[in-house]
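Visitor: Got a file for you: upload_38.txt, compact mmCIF, C-alpha atoms and all ligand atoms.
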# COMPACT_ATOMS: atom_id res chain seq x y z
CA MET A 1197 0.00 0.00 0.00
CA THR A 1198 1.27 3.46 -0.88
CA LEU A 1199 2.62 5.32 2.15
CA VAL A 1200 1.03 8.76 2.62
CA LYS A 1201 2.46 11.73 4.46
CA ILE A 1202 0.42 14.86 5.08
CA CYS A 1203 2.83 17.70 5.70
CA GLY A 1204 2.41 21.11 7.26
CA VAL A 1205 -0.43 20.17 9.57
CA SER A 1206 -0.96 23.23 11.74
CA ASP A 1207 -4.43 23.14 13.23
CA PRO A 1208 -6.71 20.64 14.97
CA ALA A 1209 -9.01 20.23 11.96
CA GLY A 1210 -6.10 19.29 9.70
CA PHE A 1211 -4.61 16.99 12.30
CA ASP A 1212 -7.89 15.20 12.95
CA ALA A 1213 -8.59 14.87 9.21
CA ALA A 1214 -5.20 13.31 8.51
CA LEU A 1215 -5.73 10.88 11.35
CA ALA A 1216 -9.25 9.96 10.25
CA ALA A 1217 -8.10 9.48 6.66
CA GLY A 1218 -5.45 7.00 7.80
CA ALA A 1219 -2.32 8.93 6.82
CA ASP A 1220 0.90 7.09 7.70
CA MET A 1221 2.94 10.19 8.53
CA LEU A 1222 2.15 13.71 9.72
CA GLY A 1223 4.62 16.51 9.14
CA PHE A 1224 5.12 19.43 11.52
CA VAL A 1225 7.10 22.32 10.04
CA PHE A 1226 9.76 23.89 12.25
CA TYR A 1227 10.93 26.52 9.79
CA PRO A 1228 9.73 30.00 10.82
CA PRO A 1229 9.43 31.52 7.30
CA SER A 1230 6.83 28.89 6.34
CA PRO A 1231 3.14 29.75 6.64
CA ARG A 1232 2.80 26.26 8.16
CA ALA A 1233 5.45 26.77 10.84
CA LEU A 1234 4.71 25.72 14.40
CA THR A 1235 6.40 26.39 17.69
CA PRO A 1236 7.45 23.26 19.58
CA ALA A 1237 4.66 23.90 22.09
CA ALA A 1238 2.02 24.23 19.38
CA ALA A 1239 3.18 21.02 17.71
CA ALA A 1240 3.11 19.22 21.06
CA ALA A 1241 -0.46 20.37 21.68
CA LEU A 1242 -1.54 19.14 18.26
CA SER A 1243 0.32 15.85 18.52
CA SER A 1244 -1.22 15.11 21.91
CA ARG A 1245 -4.69 15.08 20.36
CA ALA A 1246 -4.12 11.39 19.65
CA GLU A 1247 -2.06 8.63 21.17
CA GLY A 1248 -0.20 6.63 18.54
CA GLY A 1249 -1.44 6.92 14.98
CA PRO A 1250 0.68 8.39 12.19
CA LEU A 1251 4.42 8.77 12.59
CA ARG A 1252 5.18 12.33 13.66
CA VAL A 1253 7.74 13.89 11.32
CA GLY A 1254 9.63 17.08 12.17
CA LEU A 1255 10.52 19.15 9.10
CA PHE A 1256 13.64 21.25 9.49
CA VAL A 1257 15.65 23.43 7.11
CA ASP A 1258 19.38 23.63 7.90
CA PRO A 1259 18.59 23.43 11.64
CA GLU A 1260 20.89 24.20 14.51
CA ASP A 1261 21.05 21.30 16.98
CA ALA A 1262 19.40 23.59 19.54
CA LEU A 1263 16.20 23.80 17.52
CA ILE A 1264 15.92 20.03 17.20
CA GLU A 1265 16.64 19.73 20.92
CA ALA A 1266 13.87 22.21 21.75
CA VAL A 1267 11.40 20.33 19.56
CA LEU A 1268 12.31 16.95 21.03
CA ALA A 1269 11.95 18.36 24.53
CA ALA A 1270 8.36 19.26 23.66
CA LEU A 1271 7.18 16.20 21.74
CA PRO A 1272 8.48 12.87 20.49
CA LEU A 1273 9.23 12.59 16.77
CA GLY A 1274 9.55 9.40 14.76
CA LEU A 1275 11.47 10.90 11.85
CA ILE A 1276 13.51 14.02 11.12
CA GLN A 1277 13.00 15.52 7.65
CA LEU A 1278 15.86 17.70 6.44
CA HIS A 1279 14.71 20.01 3.66
CA GLY A 1280 17.61 22.40 3.36
CA ALA A 1281 21.16 22.19 2.01
CA GLU A 1282 22.35 19.68 4.64
CA ASP A 1283 25.23 17.63 3.22
CA PRO A 1284 25.63 13.90 3.92
CA ALA A 1285 27.94 14.55 6.87
CA ARG A 1286 25.40 16.87 8.51
CA CYS A 1287 22.61 14.32 7.94
CA ALA A 1288 24.74 11.62 9.56
CA ALA A 1289 25.60 13.88 12.49
CA ILE A 1290 21.94 14.70 13.15
CA ARG A 1291 20.99 11.04 12.90
CA ALA A 1292 23.72 10.04 15.35
CA ARG A 1293 23.16 12.87 17.81
CA PHE A 1294 19.40 12.49 18.11
CA GLY A 1295 19.12 8.74 17.52
CA LEU A 1296 16.28 9.19 15.06
CA PRO A 1297 15.89 8.18 11.44
CA VAL A 1298 16.49 10.95 8.93
CA MET A 1299 14.67 11.63 5.67
CA LYS A 1300 16.63 13.89 3.30
CA ALA A 1301 14.71 15.98 0.79
CA LEU A 1302 16.38 16.47 -2.56
CA GLY A 1303 15.23 18.72 -5.39
CA ILE A 1304 14.89 16.95 -8.72
CA ALA A 1305 14.68 18.58 -12.13
CA GLU A 1306 16.76 16.35 -14.40
CA PRO A 1307 18.29 12.84 -14.38
CA ALA A 1308 21.65 14.13 -13.10
CA ASP A 1309 19.99 15.27 -9.88
CA LEU A 1310 19.43 11.62 -8.96
CA MET A 1311 23.19 11.04 -8.78
CA ALA A 1312 23.32 12.70 -5.34
CA LEU A 1313 21.28 9.82 -3.93
CA ALA A 1314 24.32 7.55 -3.77
CA ASP A 1315 26.29 10.06 -1.69
CA TYR A 1316 23.47 10.53 0.80
CA ALA A 1317 22.33 6.90 1.07
CA PRO A 1318 24.78 5.84 3.84
CA ALA A 1319 23.81 8.87 5.94
CA VAL A 1320 20.02 8.73 5.77
CA ASP A 1321 17.10 6.34 6.17
CA ARG A 1322 14.70 7.73 3.60
CA PHE A 1323 14.56 10.15 0.72
CA LEU A 1324 11.93 12.67 -0.20
CA LEU A 1325 12.17 13.62 -3.86
CA ASP A 1326 10.66 17.05 -4.42
CA ALA A 1327 10.68 19.66 -7.17
CA LYS A 1328 13.32 22.34 -7.01
CA PRO A 1329 11.91 25.68 -5.81
CA PRO A 1330 10.59 27.69 -8.77
CA PRO A 1331 12.21 31.08 -9.55
CA GLY A 1332 11.22 33.64 -6.96
CA ALA A 1333 10.13 31.08 -4.38
CA THR A 1334 11.06 31.97 -0.84
CA LEU A 1335 10.71 28.46 0.62
CA PRO A 1336 12.83 25.43 -0.26
CA GLY A 1337 9.66 23.30 -0.44
CA GLY A 1338 5.92 23.55 -0.03
CA ASN A 1339 5.66 25.52 -3.27
CA ALA A 1340 3.07 23.42 -5.13
CA ALA A 1341 5.67 22.82 -7.86
CA ALA A 1342 5.99 19.41 -9.50
CA PHE A 1343 8.86 17.73 -11.35
CA ASP A 1344 8.63 15.29 -14.22
CA TRP A 1345 7.41 12.11 -12.51
CA ARG A 1346 8.89 9.94 -15.26
CA LEU A 1347 12.42 10.79 -14.04
CA THR A 1348 12.22 8.17 -11.29
CA ALA A 1349 10.42 5.48 -13.28
CA GLY A 1350 12.39 2.25 -13.26
CA ARG A 1351 15.21 3.82 -11.22
CA ALA A 1352 16.63 1.99 -8.22
CA ILE A 1353 16.39 4.55 -5.41
CA PRO A 1354 18.80 3.38 -2.68
CA ARG A 1355 16.45 4.01 0.29
CA PRO A 1356 12.69 3.96 0.82
CA TRP A 1357 11.35 7.18 -0.64
CA LEU A 1358 8.42 9.53 -0.95
CA LEU A 1359 7.43 11.55 -3.99
CA ALA A 1360 6.55 15.19 -3.27
CA GLY A 1361 5.94 18.44 -5.08
CA GLY A 1362 2.68 19.83 -6.36
CA LEU A 1363 0.66 16.69 -5.75
CA THR A 1364 -3.13 17.03 -5.42
CA PRO A 1365 -6.06 14.65 -4.95
CA ASP A 1366 -6.57 14.82 -8.72
CA THR A 1367 -2.98 14.06 -9.74
CA VAL A 1368 -1.62 11.76 -7.07
CA ALA A 1369 -2.76 8.46 -8.61
CA GLU A 1370 -1.21 9.32 -11.96
CA ALA A 1371 1.95 10.58 -10.23
CA ILE A 1372 2.35 7.24 -8.46
CA ARG A 1373 1.76 5.37 -11.70
CA GLN A 1374 4.31 7.40 -13.68
CA SER A 1375 7.00 7.68 -11.00
CA GLY A 1376 6.75 4.25 -9.40
CA ALA A 1377 6.85 5.94 -6.00
CA PRO A 1378 6.19 3.73 -2.97
CA GLY A 1379 4.96 6.74 -1.01
CA VAL A 1380 3.77 10.32 -1.42
CA ASP A 1381 3.96 13.57 0.54
CA VAL A 1382 1.70 16.60 0.13
CA SER A 1383 1.25 20.03 1.60
CA SER A 1384 -0.19 22.72 -0.71
CA GLY A 1385 -2.45 20.31 -2.59
CA VAL A 1386 -4.56 19.62 0.50
CA GLU A 1387 -5.01 23.27 1.49
CA ARG A 1388 -7.90 25.70 0.94
CA ALA A 1389 -5.61 28.70 1.41
CA ARG A 1390 -1.84 28.88 1.74
CA GLY A 1391 -0.98 27.25 5.04
CA VAL A 1392 -4.55 26.20 5.88
CA LYS A 1393 -5.34 22.52 5.50
CA ASP A 1394 -8.68 21.42 4.05
CA PRO A 1395 -10.09 18.29 5.73
CA ALA A 1396 -12.05 17.24 2.62
CA ARG A 1397 -8.97 17.50 0.40
CA ILE A 1398 -6.93 15.50 2.91
CA ALA A 1399 -9.51 12.71 2.83
CA ALA A 1400 -9.66 12.81 -0.97
CA PHE A 1401 -5.87 12.76 -1.29
CA VAL A 1402 -5.38 9.74 0.96
CA ALA A 1403 -8.18 7.85 -0.80
CA ALA A 1404 -6.76 8.64 -4.24
CA ALA A 1405 -3.23 7.64 -3.22
CA ARG A 1406 -4.51 4.28 -2.02
CA LEU A 1407 -6.52 3.44 -5.14
CA PRO A 1408 -5.29 0.16 -6.61
O1 LIG B 1501 5.53 23.08 3.52
C1 LIG B 1501 6.37 23.95 3.78
O2 LIG B 1501 6.02 25.06 4.17
C2 LIG B 1501 7.82 23.66 3.59
C3 LIG B 1501 8.73 24.62 3.98
C4 LIG B 1501 10.08 24.41 3.83
C5 LIG B 1501 10.54 23.22 3.28
C6 LIG B 1501 9.64 22.24 2.88
C7 LIG B 1501 8.28 22.44 3.02
N1 LIG B 1501 7.35 21.49 2.62
C8 LIG B 1501 7.70 20.23 2.01
O3 LIG B 1501 7.62 20.33 0.61
C9 LIG B 1501 6.87 19.26 0.09
C10 LIG B 1501 6.15 19.63 -1.17
O4 LIG B 1501 5.16 20.59 -0.87
P1 LIG B 1501 3.92 20.84 -1.84
O5 LIG B 1501 3.01 19.66 -1.71
O6 LIG B 1501 4.44 21.04 -3.22
O7 LIG B 1501 3.30 22.09 -1.29
C11 LIG B 1501 5.90 18.95 1.22
O8 LIG B 1501 5.36 17.70 1.08
C12 LIG B 1501 6.74 19.14 2.43
O9 LIG B 1501 7.45 17.97 2.76
Here is the file; what I need is its structure written in the form of structure tokens.

Guide:
Amino acid sequence: MTLVKICGVSDPAGFDAALAAGADMLGFVFYPPSPRALTPAAAAALSSRAEGGPLRVGLFVDPEDALIEAVLAALPLGLIQLHGAEDPARCAAIRARFGLPVMKALGIAEPADLMALADYAPAVDRFLLDAKPPPGATLPGGNAAAFDWRLTAGRAIPRPWLLAGGLTPDTVAEAIRQSGAPGVDVSSGVERARGVKDPARIAAFVAAARLP
């Protein structure tokens, strides 16, 4: 079954909808410039709405250790997503220091971009393959931009991976078919306004991703 991550959950309605829809992973953004950013305390309050359930993922962009420490003091995470310019050594250091699996996001626009996967593979547990930020974008992700899904078709990706970037309830099934992705991640495509999750779109996205 396709793994589904709903990212940028920032209010109770979005959290409850992702839970009810059966998402596998929930992403909390700890990157202040994002419209989806949470404080550690706000994320802890949201996360405590349910025991167990989806894996809680902390999304960071070139974080200082102190930020990760502050987040982990407030709530447990199951996975650290690194969505900045962290190199393999930094990924390995974060994984070792915090004893948590790491998912590295990489921007993909052309076949050559997939060559970086081999360098990162020993240092990380998962990959998230996203579009590169479009010109003028101020965030490194969460821009509703897609890359050519055929770039990963038939490619051996050296870690479990999620496809991200511009996915929506209407496109996710075709994206999975074209890319061969074993999992998907979405933020903008399940929002009714930038940074505001839409429960109906979350339900529709998870259902569409799980279609046979
Ligand atoms: O969502 C954000 O605000 C964000 C900020 C900084 C880095 C990454 C971010 N989001 C990640 O980007 C992917 C793709 O987003 P979208 O679906 O195209 O909007 C998202 O799944 C998050 O993992």

Visitor: Considering all atoms listed in the file, state which residue in the set A:Ala1246, A:Val1225, A:Ala1281, A:Leu1199 is at the smallest distance from A:Ala1377.

Guide: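 Counting all atoms listed in the file, the residue closest to A:Ala1377 is A:Leu1199.
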
Visitor: Show me which residues sit within 6 Å of ligand LIG 1501 (chain B) when counting only C-alpha atoms and all ligand atoms, and put them as a PyMOL selection string.

Guide: chain A and resi 1203-1204+1230+1232+1279+1335-1341+1360-1363+1381-1385

Visitor: Just write the chosen residues, C-alpha atoms, as a compact mmCIF listing (two decimals), keeping the file's coordinate frame.

Guide:
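Writing done, so here's again08.txt:
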# COMPACT_ATOMS: atom_id res chain seq x y z
CA CYS A 1203 2.83 17.70 5.70
CA GLY A 1204 2.41 21.11 7.26
CA SER A 1230 6.83 28.89 6.34
CA ARG A 1232 2.80 26.26 8.16
CA HIS A 1279 14.71 20.01 3.66
CA LEU A 1335 10.71 28.46 0.62
CA PRO A 1336 12.83 25.43 -0.26
CA GLY A 1337 9.66 23.30 -0.44
CA GLY A 1338 5.92 23.55 -0.03
CA ASN A 1339 5.66 25.52 -3.27
CA ALA A 1340 3.07 23.42 -5.13
CA ALA A 1341 5.67 22.82 -7.86
CA ALA A 1360 6.55 15.19 -3.27
CA GLY A 1361 5.94 18.44 -5.08
CA GLY A 1362 2.68 19.83 -6.36
CA LEU A 1363 0.66 16.69 -5.75
CA ASP A 1381 3.96 13.57 0.54
CA VAL A 1382 1.70 16.60 0.13
CA SER A 1383 1.25 20.03 1.60
CA SER A 1384 -0.19 22.72 -0.71
CA GLY A 1385 -2.45 20.31 -2.59

Visitor: Quick one, how far is atom CA of A:Pro1330 from atom CA of A:Trp1345?

Guide: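 Separation of atom CA of A:Pro1330 and atom CA of A:Trp1345: 16.3 Å.
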
Visitor: May I have the residues within 10 Å of A:Gly1223 as a list of chain:residue names, using only C-alpha atoms and disregarding those fewer than 2 positions away in the same chain?

Guide: A:Lys1201, A:Ile1202, A:Cys1203, A:Gly1204, A:Val1205, A:Ser1206, A:Phe1211, A:Met1221, A:Val1225, A:Phe1226, A:Arg1232, A:Ala1239, A:Pro1250, A:Leu1251, A:Arg1252, A:Val1253, A:Gly1254, A:Leu1255, A:Leu1273, A:Leu1275, A:Ile1276, A:Gln1277, A:Asp1381, A:Val1382, A:Ser1383

Visitor: Keeping only C-alpha atoms, take the residues you just selected and write them out as a PDB file, in the coordinates of the input.

Guide:
ATOM      1  CA  LYS A1201       2.460  11.730   4.460  1.00  0.00           C
ATOM      2  CA  ILE A1202       0.420  14.860   5.080  1.00  0.00           C
ATOM      3  CA  CYS A1203       2.830  17.700   5.700  1.00  0.00           C
ATOM      4  CA  GLY A1204       2.410  21.110   7.260  1.00  0.00           C
ATOM      5  CA  VAL A1205      -0.430  20.170   9.570  1.00  0.00           C
ATOM      6  CA  SER A1206      -0.960  23.230  11.740  1.00  0.00           C
ATOM      7  CA  PHE A1211      -4.610  16.990  12.300  1.00  0.00           C
ATOM      8  CA  MET A1221       2.940  10.190   8.530  1.00  0.00           C
ATOM      9  CA  VAL A1225       7.100  22.320  10.040  1.00  0.00           C
ATOM     10  CA  PHE A1226       9.760  23.890  12.250  1.00  0.00           C
ATOM     11  CA  ARG A1232       2.800  26.260   8.160  1.00  0.00           C
ATOM     12  CA  ALA A1239       3.180  21.020  17.710  1.00  0.00           C
ATOM     13  CA  PRO A1250       0.680   8.390  12.190  1.00  0.00           C
ATOM     14  CA  LEU A1251       4.420   8.770  12.590  1.00  0.00           C
ATOM     15  CA  ARG A1252       5.180  12.330  13.660  1.00  0.00           C
ATOM     16  CA  VAL A1253       7.740  13.890  11.320  1.00  0.00           C
ATOM     17  CA  GLY A1254       9.630  17.080  12.170  1.00  0.00           C
ATOM     18  CA  LEU A1255      10.520  19.150   9.100  1.00  0.00           C
ATOM     19  CA  LEU A1273       9.230  12.590  16.770  1.00  0.00           C
ATOM     20  CA  LEU A1275      11.470  10.900  11.850  1.00  0.00           C
ATOM     21  CA  ILE A1276      13.510  14.020  11.120  1.00  0.00           C
ATOM     22  CA  GLN A1277      13.000  15.520   7.650  1.00  0.00           C
ATOM     23  CA  ASP A1381       3.960  13.570   0.540  1.00  0.00           C
ATOM     24  CA  VAL A1382       1.700  16.600   0.130  1.00  0.00           C
ATOM     25  CA  SER A1383       1.250  20.030   1.600  1.00  0.00           C
TER      26      SER A1383
END

Visitor: Restricting the calculation to all atoms listed in the file, which member of A:Ala1404, A:Val1368, A:Ala1317, A:Ile1398 is positioned closest to A:Ala1209?

Guide: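 Using all atoms listed in the file, A:Ala1209 sits closest to A:Ile1398.
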
Visitor: In Å to one decimal, how far is atom CA of A:Ala1240 from atom CA of A:Ile1264?

Guide: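 Calculated distance between atom CA of A:Ile1264 and atom CA of A:Ala1240 is 13.4 Å.
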
Visitor: A:Asp1394, A:Asp1321, A:Asp1212, A:Asp1326: which is nearest A:Gly1280, counting only C-alpha atoms?

Guide: A:Asp1326

Visitor: Please output stretch 1354-1379 of chain A, rebuilt to include N, CA and C atoms, as a short mmCIF file (atom, residue, chain, number, x, y, z; two decimals), in the coordinates of the input.

Guide:
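Now in out_2.cif:
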data_model
loop_
_atom_site.label_atom_id
_atom_site.label_comp_id
_atom_site.auth_asym_id
_atom_site.auth_seq_id
_atom_site.Cartn_x
_atom_site.Cartn_y
_atom_site.Cartn_z
N PRO A 1354 18.11 4.22 -3.66
CA PRO A 1354 18.80 3.38 -2.68
C PRO A 1354 18.26 3.42 -1.25
N ARG A 1355 17.13 4.02 -1.02
CA ARG A 1355 16.45 4.01 0.29
C ARG A 1355 14.95 4.10 0.02
N PRO A 1356 14.13 3.70 0.98
CA PRO A 1356 12.69 3.96 0.82
C PRO A 1356 12.47 5.44 0.55
N TRP A 1357 11.48 5.77 -0.27
CA TRP A 1357 11.35 7.18 -0.64
C TRP A 1357 9.91 7.60 -0.84
N LEU A 1358 9.72 8.92 -0.71
CA LEU A 1358 8.42 9.53 -0.95
C LEU A 1358 8.56 10.51 -2.11
N LEU A 1359 7.52 10.55 -2.93
CA LEU A 1359 7.43 11.55 -3.99
C LEU A 1359 6.69 12.77 -3.44
N ALA A 1360 7.20 13.96 -3.73
CA ALA A 1360 6.55 15.19 -3.27
C ALA A 1360 6.61 16.24 -4.38
N GLY A 1361 5.87 17.31 -4.17
CA GLY A 1361 5.94 18.44 -5.08
C GLY A 1361 4.69 18.58 -5.94
N GLY A 1362 3.82 19.49 -5.52
CA GLY A 1362 2.68 19.83 -6.36
C GLY A 1362 1.64 18.74 -6.51
N LEU A 1363 1.66 17.75 -5.64
CA LEU A 1363 0.66 16.69 -5.75
C LEU A 1363 -0.69 17.21 -5.26
N THR A 1364 -1.76 16.66 -5.83
CA THR A 1364 -3.13 17.03 -5.42
C THR A 1364 -3.97 15.75 -5.43
N PRO A 1365 -5.18 15.84 -4.87
CA PRO A 1365 -6.06 14.65 -4.95
C PRO A 1365 -6.31 14.22 -6.39
N ASP A 1366 -6.29 15.16 -7.32
CA ASP A 1366 -6.57 14.82 -8.72
C ASP A 1366 -5.37 14.23 -9.45
N THR A 1367 -4.16 14.51 -8.99
CA THR A 1367 -2.98 14.06 -9.74
C THR A 1367 -2.22 12.92 -9.07
N VAL A 1368 -2.51 12.66 -7.80
CA VAL A 1368 -1.62 11.76 -7.07
C VAL A 1368 -1.61 10.33 -7.64
N ALA A 1369 -2.74 9.84 -8.09
CA ALA A 1369 -2.76 8.46 -8.61
C ALA A 1369 -1.89 8.36 -9.86
N GLU A 1370 -2.02 9.33 -10.74
CA GLU A 1370 -1.21 9.32 -11.96
C GLU A 1370 0.28 9.53 -11.63
N ALA A 1371 0.55 10.35 -10.64
CA ALA A 1371 1.95 10.58 -10.23
C ALA A 1371 2.58 9.28 -9.74
N ILE A 1372 1.83 8.52 -8.97
CA ILE A 1372 2.35 7.24 -8.46
C ILE A 1372 2.58 6.29 -9.64
N ARG A 1373 1.64 6.28 -10.55
CA ARG A 1373 1.76 5.37 -11.70
C ARG A 1373 3.00 5.72 -12.54
N GLN A 1374 3.18 7.00 -12.81
CA GLN A 1374 4.31 7.40 -13.68
C GLN A 1374 5.67 7.28 -12.98
N SER A 1375 5.70 7.61 -11.71
CA SER A 1375 7.00 7.68 -11.00
C SER A 1375 7.43 6.34 -10.41
N GLY A 1376 6.44 5.48 -10.12
CA GLY A 1376 6.75 4.25 -9.40
C GLY A 1376 7.01 4.47 -7.93
N ALA A 1377 6.56 5.61 -7.41
CA ALA A 1377 6.85 5.94 -6.00
C ALA A 1377 6.12 4.99 -5.06
N PRO A 1378 6.84 4.56 -3.99
CA PRO A 1378 6.19 3.73 -2.97
C PRO A 1378 5.46 4.56 -1.91
N GLY A 1379 5.63 5.88 -1.98
CA GLY A 1379 4.96 6.74 -1.01
C GLY A 1379 4.88 8.16 -1.54
#
